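Structure first, then comments.
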Amino acid sequence: MTNEQIEHITRLQQSGKGYRAIAAETGIPINSVKSWCRRHPVGAESQTACQQCGAPLCQTPGKRQRRFCSDRCRLLWWGEHPECRTGRAKYLHTCRFCGREFTNNRITASYCSRACFARARAQVASDG
Ligand SMILES: [Zn+2]
Ligand SMILES: [Zn+2]
């Protein structure tokens with residue numbers, strides 16, 4: 001890969017694009033994109049110190065990044081940052097029945113509520 005391609009991948013990676021989108025945009029085979037991204041995770045270099053006490057961290061390559069030197073620091077940090085407990089990611093959807101936008105934590109969802117789901121089913125049934 002050329003430096004230009006690497007820069008391009010990194011930029012797309014940082015903007016949160018998936019392998020497929022990166023491959024489509026750069027024209028690089030998806031398998032190359034995948035293996036490159038795995039070897040160069042975004043922000044890999046950034047977390048070198050414990051987020052709570054600043055003690056140096058030793059990251060294990062291929063494993064999930066550590067943010068804290070110990071469970072004690074992790075618990076302390078979460079205790080001090082309750083606003084970061086946002087839970088799971090939210091996905092935006094448009095209800096197929098009423099057209100209203102709604103969010104939930106599933107990637108795929110078709111209806112904003114059980115009521116819309118039931119009405120959509122009823123409509124299909126009555127249309128025969
Ligand atoms: Zn610490
Ligand atoms: Zn709805």
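As shown in the structure tokens, the chain order sets the letters A, B, ...; within each chain, residues go from 1, and ligands are also counted from 1 in the order they appear.
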
Note to self: Around ligand 1, which protein and nucleic acid residues have at least one atom no more than 6 Å from it, if we count only C-alpha atoms and all ligand atoms? List them as a list in words.
What the structure shows: Cys50, Gln52, Cys53, Gly54, Ala55, Phe68, Cys69, Ser70 and Cys73 of chain A

Next item on the list: Among the residues of range 15-74 of chain A, find those DSSP assigns to helix (DSSP H, G or I) from the backbone and print them as a count of residues only.
Entry: 22

Check: Which protein, DNA or RNA residues have an atom within 10 Å of ligand 2, counting only C-alpha atoms and all ligand atoms, as a VMD selection string?
Finding: chain A and resid 94 to 102 110 to 117 119 to 120

Let me see the file: selected residues, C-alpha atoms, as a compact mmCIF listing (two decimals), in the first residue's frame.
```
# COMPACT_ATOMS: atom_id res chain seq x y z
CA THR A 94 -37.44 5.65 11.02
CA CYS A 95 -40.65 3.86 11.88
CA ARG A 96 -41.94 2.01 8.83
CA PHE A 97 -45.53 2.55 9.92
CA CYS A 98 -45.79 6.13 11.20
CA GLY A 99 -42.52 7.55 9.80
CA ARG A 100 -41.43 8.93 13.15
CA GLU A 101 -37.73 8.86 13.99
CA PHE A 102 -36.79 6.85 17.03
CA SER A 110 -38.53 -1.29 11.89
CA TYR A 111 -41.19 0.19 14.16
CA CYS A 112 -41.09 2.81 16.89
CA SER A 113 -43.44 0.93 19.16
CA ARG A 114 -45.36 -2.28 19.64
CA ALA A 115 -48.49 -0.38 18.61
CA CYS A 116 -47.02 0.53 15.21
CA PHE A 117 -45.78 -3.01 14.79
CA ARG A 119 -50.98 -1.82 13.24
CA ALA A 120 -48.56 -2.57 10.42
```

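Rounded to one decimal, CA of Gln65 in chain A and CA of Gly27 in chain A lie 29.4 Å from each other.
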
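Computed from the coordinates, the CA of Pro29 in chain A to CA of His8 in chain A distance equals 13.8 Å.
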